[in-house]
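Next up, structure_35.cif (mmCIF, C-alpha atoms):
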```cif
data_protein
loop_
_atom_site.label_atom_id
_atom_site.label_comp_id
_atom_site.auth_asym_id
_atom_site.auth_seq_id
_atom_site.Cartn_x
_atom_site.Cartn_y
_atom_site.Cartn_z
CA MET A 1 5.73 -8.19 -9.63
CA LEU A 2 5.96 -6.34 -6.35
CA GLY A 3 2.40 -5.34 -5.58
CA LYS A 4 1.59 -3.95 -2.18
CA ARG A 5 0.20 -0.91 -0.37
CA VAL A 6 2.38 1.40 1.69
CA LEU A 7 1.16 4.09 4.07
CA ILE A 8 3.06 7.38 4.03
CA PRO A 9 2.69 9.27 7.34
CA LEU A 10 2.10 13.02 7.32
CA PRO A 11 2.51 15.39 10.30
CA ASP A 12 -1.27 15.98 10.50
CA GLY A 13 -1.74 12.34 11.50
CA HIS A 14 -2.94 11.12 8.12
CA ASP A 15 -1.35 8.13 6.39
CA VAL A 16 -1.43 8.39 2.60
CA PRO A 17 -2.15 5.01 0.95
CA VAL A 18 -0.04 4.33 -2.13
CA ASP A 19 -0.28 1.12 -4.15
CA LEU A 20 2.91 -0.18 -5.79
CA TYR A 21 3.11 -1.95 -9.14
CA ILE A 22 6.78 -2.77 -9.71
CA PRO A 23 7.84 -5.46 -12.20
CA GLU A 24 10.24 -7.97 -10.72
CA VAL A 25 13.91 -7.20 -11.14
CA SER A 26 15.77 -10.07 -12.77
CA GLU A 27 19.45 -10.94 -12.87
CA GLU A 28 18.80 -12.15 -16.43
CA ILE A 29 17.76 -8.67 -17.53
CA ASP A 30 19.38 -6.01 -15.34
CA ALA A 31 19.79 -6.36 -11.58
CA GLU A 32 20.62 -2.66 -11.30
CA ILE A 33 17.79 -1.39 -13.50
CA ARG A 34 16.30 2.03 -12.80
CA ARG A 35 12.94 2.45 -14.50
CA PRO A 36 10.89 5.57 -15.19
CA ALA A 37 7.84 5.87 -12.95
CA VAL A 38 4.30 7.20 -13.05
CA ILE A 39 2.35 8.22 -9.97
CA ILE A 40 -1.36 8.00 -10.75
CA CYS A 41 -4.04 10.28 -9.30
CA PRO A 42 -7.50 8.83 -10.14
CA GLY A 43 -10.40 11.16 -10.82
CA GLY A 44 -13.73 11.50 -9.09
CA ALA A 45 -14.59 15.22 -8.69
CA TYR A 46 -12.72 15.37 -5.36
CA ARG A 47 -15.71 13.35 -4.07
CA PHE A 48 -14.47 9.79 -4.64
CA LEU A 49 -11.59 8.04 -6.42
CA SER A 50 -12.27 5.98 -9.52
CA HIS A 51 -11.09 2.38 -9.54
CA ARG A 52 -11.28 2.42 -13.35
CA GLU A 53 -8.53 5.05 -13.36
CA SER A 54 -6.23 3.33 -10.91
CA GLU A 55 -5.06 -0.30 -11.07
CA PRO A 56 -5.87 -0.91 -14.77
CA VAL A 57 -3.80 2.13 -15.70
CA ALA A 58 -0.96 1.12 -13.39
CA LEU A 59 -0.86 -2.37 -14.90
CA ASP A 60 -0.81 -0.94 -18.42
CA PHE A 61 2.22 1.26 -17.68
CA ALA A 62 3.95 -1.51 -15.72
CA ALA A 63 3.60 -3.79 -18.75
CA HIS A 64 5.54 -1.27 -20.82
CA GLY A 65 8.62 -0.66 -18.70
CA PHE A 66 7.38 1.76 -16.03
CA ASN A 67 7.12 1.37 -12.29
CA ALA A 68 3.63 2.54 -11.37
CA PHE A 69 2.12 3.90 -8.18
CA VAL A 70 -1.48 4.83 -7.34
CA VAL A 71 -1.98 7.50 -4.69
CA TRP A 72 -5.31 7.44 -2.85
CA TYR A 73 -5.37 11.12 -2.00
CA ARG A 74 -7.96 12.66 0.30
CA VAL A 75 -11.28 13.90 -1.02
CA THR A 76 -14.28 15.66 0.54
CA PRO A 77 -14.76 16.51 3.39
CA PHE A 78 -11.04 17.29 3.12
CA THR A 79 -10.27 20.43 1.15
CA TRP A 80 -7.30 22.28 -0.34
CA PRO A 81 -4.42 21.60 0.14
CA LYS A 82 -4.91 18.12 1.69
CA PRO A 83 -5.34 16.31 -1.69
CA GLN A 84 -2.29 18.13 -3.03
CA TRP A 85 -0.27 17.23 0.07
CA ASP A 86 -1.09 13.56 -0.46
CA ALA A 87 -0.06 13.54 -4.13
CA ALA A 88 3.12 15.44 -3.30
CA ALA A 89 3.87 13.05 -0.41
CA ALA A 90 3.70 10.15 -2.86
CA MET A 91 6.13 11.95 -5.14
CA GLN A 92 8.55 12.65 -2.29
CA TRP A 93 8.34 9.07 -1.00
CA VAL A 94 9.01 7.53 -4.41
CA ARG A 95 11.92 9.86 -5.10
CA THR A 96 13.57 9.41 -1.69
CA HIS A 97 13.12 5.62 -1.93
CA ALA A 98 14.10 5.46 -5.59
CA GLU A 99 17.02 3.07 -5.14
CA GLU A 100 15.05 0.37 -3.34
CA LEU A 101 12.10 0.85 -5.73
CA TYR A 102 14.34 0.56 -8.83
CA VAL A 103 13.15 3.99 -9.96
CA HIS A 104 15.18 6.60 -11.81
CA PRO A 105 14.79 9.61 -9.46
CA GLY A 106 14.88 12.06 -12.36
CA GLN A 107 12.20 10.27 -14.37
CA ILE A 108 9.05 10.46 -12.25
CA ALA A 109 5.82 11.66 -13.83
CA LEU A 110 2.49 12.57 -12.27
CA LEU A 111 -0.49 11.17 -14.17
CA GLY A 112 -3.96 12.47 -13.33
CA PHE A 113 -7.49 11.92 -14.57
CA SER A 114 -10.21 14.60 -14.40
CA ALA A 115 -10.10 16.02 -10.84
CA GLY A 116 -7.02 13.86 -10.27
CA ALA A 117 -5.44 15.76 -13.15
CA HIS A 118 -6.33 19.00 -11.35
CA CYS A 119 -4.60 17.62 -8.25
CA ALA A 120 -1.51 16.57 -10.21
CA CYS A 121 -1.34 19.86 -12.09
CA SER A 122 -1.69 21.78 -8.80
CA VAL A 123 1.43 20.05 -7.51
CA ALA A 124 3.27 20.79 -10.75
CA GLU A 125 2.32 24.46 -10.58
CA ASN A 126 3.11 24.94 -6.89
CA TRP A 127 6.11 22.70 -6.19
CA GLN A 128 8.36 25.75 -5.76
CA ASN A 129 6.18 27.25 -3.00
CA PRO A 130 7.74 26.00 0.28
CA ASP A 131 5.02 27.62 2.40
CA LEU A 132 2.36 25.37 0.84
CA TRP A 133 4.27 22.21 1.76
CA ALA A 134 5.96 23.12 5.04
CA ASP A 135 3.22 21.83 7.36
CA ALA A 136 3.30 18.51 5.51
CA ALA A 137 7.10 18.24 5.84
CA LEU A 138 7.47 18.15 2.06
CA LEU A 139 10.47 19.64 0.29
CA PRO A 140 10.21 21.36 -3.11
CA GLU A 141 13.23 19.53 -4.54
CA HIS A 142 11.61 16.20 -3.67
CA ILE A 143 8.11 16.84 -4.98
CA ARG A 144 8.87 18.36 -8.37
CA PRO A 145 7.44 16.15 -11.14
CA ASN A 146 9.74 15.50 -14.08
CA ALA A 147 6.72 15.29 -16.41
CA LEU A 148 2.96 15.56 -16.30
CA ILE A 149 0.23 13.52 -17.99
CA LEU A 150 -3.26 15.00 -17.78
CA ALA A 151 -6.29 13.07 -18.99
CA TYR A 152 -9.49 15.06 -19.61
CA PRO A 153 -8.38 17.45 -16.85
CA VAL A 154 -10.42 19.75 -14.65
CA ILE A 155 -8.57 23.06 -15.09
CA THR A 156 -10.64 26.22 -15.08
CA ALA A 157 -12.95 27.90 -12.60
CA GLY A 158 -14.42 30.08 -15.32
CA GLU A 159 -17.04 29.54 -18.00
CA TYR A 160 -16.12 25.91 -18.64
CA ALA A 161 -15.64 24.87 -15.02
CA HIS A 162 -16.59 21.51 -13.61
CA ARG A 163 -18.20 23.20 -10.65
CA GLU A 164 -18.68 20.08 -8.53
CA SER A 165 -14.94 19.45 -8.36
CA LEU A 166 -14.23 23.00 -7.26
CA VAL A 167 -16.98 22.93 -4.62
CA HIS A 168 -15.51 19.79 -3.07
CA LEU A 169 -11.94 21.07 -3.28
CA SER A 170 -12.70 24.47 -1.79
CA GLY A 171 -15.46 23.46 0.61
CA THR A 172 -17.73 26.24 -0.63
CA GLU A 173 -20.13 27.02 -3.45
CA ASP A 174 -18.86 30.61 -3.53
CA VAL A 175 -17.64 30.92 -7.13
CA SER A 176 -15.38 33.84 -6.24
CA VAL A 177 -13.35 31.51 -4.02
CA HIS A 178 -12.95 28.97 -6.84
CA ASP A 179 -10.88 31.37 -8.91
CA ALA A 180 -7.82 30.60 -6.77
CA TYR A 181 -7.93 27.04 -8.15
CA SER A 182 -8.25 28.02 -11.82
CA LEU A 183 -5.02 26.43 -12.97
CA GLU A 184 -4.63 28.14 -16.34
CA LYS A 185 -4.02 31.37 -14.37
CA HIS A 186 -1.09 30.01 -12.40
CA VAL A 187 1.14 28.36 -15.01
CA THR A 188 4.83 29.24 -14.83
CA ALA A 189 7.90 28.32 -16.84
CA ALA A 190 8.94 26.03 -13.96
CA MET A 191 6.26 23.49 -14.83
CA PRO A 192 7.46 20.18 -16.28
CA PRO A 193 6.84 18.95 -19.84
CA THR A 194 3.15 18.14 -20.15
CA PHE A 195 1.08 15.66 -22.13
CA LEU A 196 -2.63 16.50 -22.46
CA TRP A 197 -5.52 14.55 -23.93
CA HIS A 198 -9.26 15.10 -24.06
CA THR A 199 -12.28 14.11 -26.14
CA TRP A 200 -14.16 16.64 -28.22
CA GLN A 201 -17.51 15.28 -27.03
CA ASP A 202 -16.77 15.59 -23.30
CA GLU A 203 -19.74 17.46 -21.85
CA LEU A 204 -18.96 17.00 -18.16
CA VAL A 205 -15.51 18.59 -18.30
CA PRO A 206 -15.48 20.49 -21.59
CA VAL A 207 -12.48 20.23 -23.87
CA GLU A 208 -11.91 23.96 -23.38
CA ASN A 209 -10.26 23.04 -20.07
CA SER A 210 -7.39 21.47 -22.00
CA PHE A 211 -7.29 24.31 -24.53
CA LEU A 212 -6.98 26.90 -21.75
CA LEU A 213 -4.14 25.05 -20.06
CA ALA A 214 -2.33 24.35 -23.33
CA SER A 215 -2.46 28.04 -24.22
CA ALA A 216 -0.99 29.01 -20.85
CA LEU A 217 1.72 26.37 -21.16
CA ARG A 218 2.57 27.67 -24.62
CA LYS A 219 2.85 31.26 -23.37
CA ASN A 220 5.23 30.14 -20.64
CA GLY A 221 7.42 28.04 -22.92
CA VAL A 222 6.52 24.69 -21.34
CA LEU A 223 7.02 21.75 -23.70
CA THR A 224 3.55 20.31 -24.38
CA GLU A 225 1.92 17.64 -26.49
CA MET A 226 -1.87 17.62 -26.79
CA HIS A 227 -4.28 15.16 -28.38
CA ILE A 228 -7.98 15.85 -28.94
CA TYR A 229 -9.90 12.73 -29.91
CA PRO A 230 -13.27 13.23 -31.62
CA TYR A 231 -15.48 10.72 -29.81
CA GLY A 232 -16.17 9.71 -26.24
CA SER A 233 -17.73 11.02 -23.08
CA HIS A 234 -15.95 11.88 -19.86
CA GLY A 235 -14.09 9.28 -17.83
CA SER A 236 -12.97 6.93 -20.58
CA SER A 237 -9.77 5.89 -18.75
CA LEU A 238 -7.87 3.42 -20.99
CA CYS A 239 -10.67 3.57 -23.61
CA ARG A 240 -10.65 -0.22 -23.64
CA PRO A 241 -13.07 -2.93 -22.45
CA GLU A 242 -11.17 -3.53 -19.21
CA THR A 243 -12.07 -0.02 -18.03
CA SER A 244 -15.53 0.27 -19.58
CA GLY A 245 -17.20 -3.12 -19.42
CA ALA A 246 -20.70 -3.26 -18.01
CA VAL A 247 -20.50 0.24 -16.55
CA ASN A 248 -20.52 2.00 -19.89
CA PRO A 249 -19.62 0.09 -23.07
CA CYS A 250 -19.59 3.44 -24.88
CA LEU A 251 -16.26 4.14 -23.17
CA ASN A 252 -14.64 1.43 -25.27
CA LEU A 253 -13.01 3.76 -27.79
CA PRO A 254 -10.42 2.08 -30.02
CA ASP A 255 -9.60 5.33 -31.82
CA SER A 256 -8.68 7.00 -28.51
CA ALA A 257 -6.96 4.05 -26.86
CA ASN A 258 -3.59 5.03 -28.35
CA TRP A 259 -3.26 7.78 -25.76
CA THR A 260 -1.27 5.49 -23.45
CA LYS A 261 1.16 4.63 -26.23
CA ASP A 262 1.53 8.31 -27.13
CA ALA A 263 2.01 9.30 -23.49
CA ARG A 264 4.71 6.69 -22.95
CA ARG A 265 6.50 7.82 -26.10
CA PHE A 266 6.31 11.42 -24.89
CA LEU A 267 7.70 10.52 -21.46
CA LYS A 268 10.57 8.48 -22.87
CA SER A 269 11.43 11.27 -25.30
CA VAL A 270 11.42 13.88 -22.53
CA PHE A 271 13.55 11.72 -20.25
CA ARG A 272 16.06 10.93 -23.03
CA GLN A 273 16.42 14.61 -23.80
CA LYS A 274 16.98 15.41 -20.14
CA ASP A 275 19.65 12.73 -19.91
CA ARG A 276 21.39 14.24 -22.95
CA GLU A 277 21.27 17.70 -21.38
CA ASN A 278 22.69 16.39 -18.11
CA TYR A 279 25.47 14.61 -19.99
CA HIS A 280 26.48 17.74 -21.90
CA HIS A 281 26.31 19.77 -18.69
CA PHE A 282 28.65 17.23 -17.06
CA LEU A 283 31.09 17.46 -19.95
CA SER A 284 31.12 21.25 -19.91
CA ALA A 285 31.69 21.27 -16.15
CA SER A 286 34.57 18.75 -16.36
#
```
Turn this file's structure into structure tokens for me.
Amino acid sequence: MLGKRVLIPLPDGHDVPVDLYIPEVSEEIDAEIRRPAVIICPGGAYRFLSHRESEPVALDFAAHGFNAFVVWYRVTPFTWPKPQWDAAAAMQWVRTHAEELYVHPGQIALLGFSAGAHCACSVAENWQNPDLWADAALLPEHIRPNALILAYPVITAGEYAHRESLVHLSGTEDVSVHDAYSLEKHVTAAMPPTFLWHTWQDELVPVENSFLLASALRKNGVLTEMHIYPYGSHGSSLCRPETSGAVNPCLNLPDSANWTKDARRFLKSVFRQKDRENYHHFLSAS
């Protein structure tokens, strides 16, 4: 496996760290393979980045045919849009280096947990806005995710807000400012197919966050799959011992652990459908 860290330079002088988890390419399998990819944004309330939502998740996806990348985006004292720039820079770098990374450039998903899901969803909502990305030298056609996976996401600035995340992202406790980052209000039909999952018992980031986003996605015709699991508190990551352990054994949730399998199935289904559409478009244009 190719496992290393690269630093992606941005015009503001910041280098975005991205960790690579790329299974070795073998002549015995397919020397020209192009795998789907996930770019992972760990959670942490825009205050820190969770190690339980980074490498273990990358290794899980890498073990099932994906190239995986973890982006260590900026958190407080950095505010909007610096975290979003960093996630988008990872997307642009992976896509523009797809050949050498053995990545299919049209099969790149953003995967975010909690506040990391807010960051990922922000990119997916705003990829078409060139003004947001211009100062970071990012191009809309390079940063558009082909799919989105959101795990117990921070979404709303309203009644069910995770206020700490919004304070760190905005740099202020002024609730009126937070409304600009209430993602359910900014969904468009240009968003990619989205996979959502949450636990019913999540008290830190209430499940209503996922409901609000799913409703907005539905209204805008965005293909969406959502799973609500009954048990488990916030931050359950893989829902398995390797991401719970001594920190919180209660996050070992066998009934919820299938989310990774469901998410991979969703991604592969979406990518197959897109390939079919591209093929038929090619035939009709010939």
*asked:* Can you spell out as a PyMOL selection string the set of residues that the PyMOL selection byres ((chain A and resi 89) around 10) selects in the structure I just provided?
replied: chain A and resi 8-10+15-16+18+71+73+83-88+90-95+133+136-139+142-143
*asked:* What would the selection look like, as a PyMOL selection string, if the PyMOL selection byres ((chain A and resi 159) around 12) were run on the coordinates I just shared?
replied: chain A and resi 155-158+160-163+175+178-179+182+205-209+212
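What separates atom CA of A:Glu164 from atom CA of A:Asp255 is a distance of 29.0 Å.
With distances taken over only C-alpha atoms, A:Ile22 is the one residue among A:Ala147, A:Ile22, A:Leu267, A:Ala257 lying closest to A:Leu2.
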Contacts of A:Glu32 within 12 Å, only C-alpha atoms, excl. fewer than 2 positions in-chain, as a tab-separated table (two decimals) with C-alpha atoms, keeping the file's coordinate frame:
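Result written to selection_32.tsv:
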```tsv
chain	number	residue	atom	x	y	z
A	24	GLU	CA	10.24	-7.97	-10.72
A	25	VAL	CA	13.91	-7.20	-11.14
A	26	SER	CA	15.77	-10.07	-12.77
A	27	GLU	CA	19.45	-10.94	-12.87
A	28	GLU	CA	18.80	-12.15	-16.43
A	29	ILE	CA	17.76	-8.67	-17.53
A	30	ASP	CA	19.38	-6.01	-15.34
A	34	ARG	CA	16.30	2.03	-12.80
A	35	ARG	CA	12.94	2.45	-14.50
A	98	ALA	CA	14.10	5.46	-5.59
A	99	GLU	CA	17.02	3.07	-5.14
A	100	GLU	CA	15.05	0.37	-3.34
A	101	LEU	CA	12.10	0.85	-5.73
A	102	TYR	CA	14.34	0.56	-8.83
A	103	VAL	CA	13.15	3.99	-9.96
A	104	HIS	CA	15.18	6.60	-11.81
```
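Here the PyMOL selection byres ((chain A and resi 200) around 8) matches the residues A:His198, A:Thr199, A:Gln201, A:Asp202, A:Pro206, A:Val207, A:Ile228, A:Tyr229, A:Pro230, A:Tyr231, A:Gly232.
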*Near-A:Gly171 list (10 Å; all atoms listed in the file; drop same-chain fewer than 2 positions) as an MDAnalysis selection string*: chainID A and resid 76:80 165:169 173:174 177:178
_I'd like the contact shell of stretch 46-56 of chain A - 6 Å cut-off, all atoms listed in the file, skipping same-chain residues fewer than 2 positions apart - returned as a PyMOL selection string._
chain A and resi 42-44+58-59+75-76+165+168+237+243
Just-selected residues, C-alpha atoms written as a PDB file, in the frame of the given file:
```
ATOM      1  CA  PRO A  42      -7.500   8.830 -10.140  1.00  0.00           C
ATOM      2  CA  GLY A  43     -10.400  11.160 -10.820  1.00  0.00           C
ATOM      3  CA  GLY A  44     -13.730  11.500  -9.090  1.00  0.00           C
ATOM      4  CA  ALA A  58      -0.960   1.120 -13.390  1.00  0.00           C
ATOM      5  CA  LEU A  59      -0.860  -2.370 -14.900  1.00  0.00           C
ATOM      6  CA  VAL A  75     -11.280  13.900  -1.020  1.00  0.00           C
ATOM      7  CA  THR A  76     -14.280  15.660   0.540  1.00  0.00           C
ATOM      8  CA  SER A 165     -14.940  19.450  -8.360  1.00  0.00           C
ATOM      9  CA  HIS A 168     -15.510  19.790  -3.070  1.00  0.00           C
ATOM     10  CA  SER A 237      -9.770   5.890 -18.750  1.00  0.00           C
ATOM     11  CA  THR A 243     -12.070  -0.020 -18.030  1.00  0.00           C
TER      12      THR A 243
END
```
_Within 10 Å of A:Ala263 using only C-alpha atoms, minus same-chain residues under 4 positions, as a ChimeraX atom specification_ = /A:61,111,148-150,194-197,225-227,258-259,267-269
_atom CA of A:Ser233 to atom CA of A:Ala124, straight-line distance in Å_ = 26.2 Å
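Taking atom CA of A:Asn146 and atom CA of A:Ser114 as endpoints, the distance between them is 20.0 Å.
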Please, can stretch 226-242 of chain A be completed to N, CA and C atoms and returned as a PDB file, in the coordinates of the input?
```pdb
ATOM      1  N   MET A 226      -0.441  17.724 -27.072  1.00  0.00           N
ATOM      2  CA  MET A 226      -1.870  17.620 -26.790  1.00  0.00           C
ATOM      3  C   MET A 226      -2.565  16.829 -27.874  1.00  0.00           C
ATOM      4  N   HIS A 227      -3.485  15.941 -27.465  1.00  0.00           N
ATOM      5  CA  HIS A 227      -4.280  15.160 -28.380  1.00  0.00           C
ATOM      6  C   HIS A 227      -5.760  15.375 -28.059  1.00  0.00           C
ATOM      7  N   ILE A 228      -6.526  15.723 -29.079  1.00  0.00           N
ATOM      8  CA  ILE A 228      -7.980  15.850 -28.940  1.00  0.00           C
ATOM      9  C   ILE A 228      -8.602  14.778 -29.821  1.00  0.00           C
ATOM     10  N   TYR A 229      -9.258  13.820 -29.180  1.00  0.00           N
ATOM     11  CA  TYR A 229      -9.900  12.730 -29.910  1.00  0.00           C
ATOM     12  C   TYR A 229     -11.368  13.092 -30.135  1.00  0.00           C
ATOM     13  N   PRO A 230     -11.931  12.733 -31.282  1.00  0.00           N
ATOM     14  CA  PRO A 230     -13.270  13.230 -31.620  1.00  0.00           C
ATOM     15  C   PRO A 230     -14.400  12.654 -30.781  1.00  0.00           C
ATOM     16  N   TYR A 231     -14.327  11.381 -30.414  1.00  0.00           N
ATOM     17  CA  TYR A 231     -15.480  10.720 -29.810  1.00  0.00           C
ATOM     18  C   TYR A 231     -15.207  10.312 -28.366  1.00  0.00           C
ATOM     19  N   GLY A 232     -16.279  10.229 -27.596  1.00  0.00           N
ATOM     20  CA  GLY A 232     -16.170   9.710 -26.240  1.00  0.00           C
ATOM     21  C   GLY A 232     -16.606  10.696 -25.187  1.00  0.00           C
ATOM     22  N   SER A 233     -17.318  10.194 -24.200  1.00  0.00           N
ATOM     23  CA  SER A 233     -17.730  11.020 -23.080  1.00  0.00           C
ATOM     24  C   SER A 233     -16.661  11.029 -22.006  1.00  0.00           C
ATOM     25  N   HIS A 234     -16.933  11.692 -20.928  1.00  0.00           N
ATOM     26  CA  HIS A 234     -15.950  11.880 -19.860  1.00  0.00           C
ATOM     27  C   HIS A 234     -15.671  10.559 -19.145  1.00  0.00           C
ATOM     28  N   GLY A 235     -14.442  10.413 -18.661  1.00  0.00           N
ATOM     29  CA  GLY A 235     -14.090   9.280 -17.830  1.00  0.00           C
ATOM     30  C   GLY A 235     -13.768   8.016 -18.574  1.00  0.00           C
ATOM     31  N   SER A 236     -13.186   8.116 -19.745  1.00  0.00           N
ATOM     32  CA  SER A 236     -12.970   6.930 -20.580  1.00  0.00           C
ATOM     33  C   SER A 236     -11.732   6.132 -20.191  1.00  0.00           C
ATOM     34  N   SER A 237     -10.914   6.625 -19.283  1.00  0.00           N
ATOM     35  CA  SER A 237      -9.770   5.890 -18.750  1.00  0.00           C
ATOM     36  C   SER A 237      -8.892   5.341 -19.882  1.00  0.00           C
ATOM     37  N   LEU A 238      -8.698   4.019 -19.943  1.00  0.00           N
ATOM     38  CA  LEU A 238      -7.870   3.420 -20.990  1.00  0.00           C
ATOM     39  C   LEU A 238      -8.562   3.334 -22.337  1.00  0.00           C
ATOM     40  N   CYS A 239      -9.872   3.632 -22.369  1.00  0.00           N
ATOM     41  CA  CYS A 239     -10.670   3.570 -23.610  1.00  0.00           C
ATOM     42  C   CYS A 239     -10.745   2.139 -24.138  1.00  0.00           C
ATOM     43  N   ARG A 240     -10.636   1.184 -23.255  1.00  0.00           N
ATOM     44  CA  ARG A 240     -10.650  -0.220 -23.640  1.00  0.00           C
ATOM     45  C   ARG A 240     -11.664  -0.978 -22.782  1.00  0.00           C
ATOM     46  N   PRO A 241     -12.035  -2.193 -23.185  1.00  0.00           N
ATOM     47  CA  PRO A 241     -13.070  -2.930 -22.450  1.00  0.00           C
ATOM     48  C   PRO A 241     -12.760  -3.133 -20.975  1.00  0.00           C
ATOM     49  N   GLU A 242     -11.481  -3.270 -20.614  1.00  0.00           N
ATOM     50  CA  GLU A 242     -11.170  -3.530 -19.210  1.00  0.00           C
ATOM     51  C   GLU A 242     -11.482  -2.357 -18.295  1.00  0.00           C
TER      52      GLU A 242
END
```
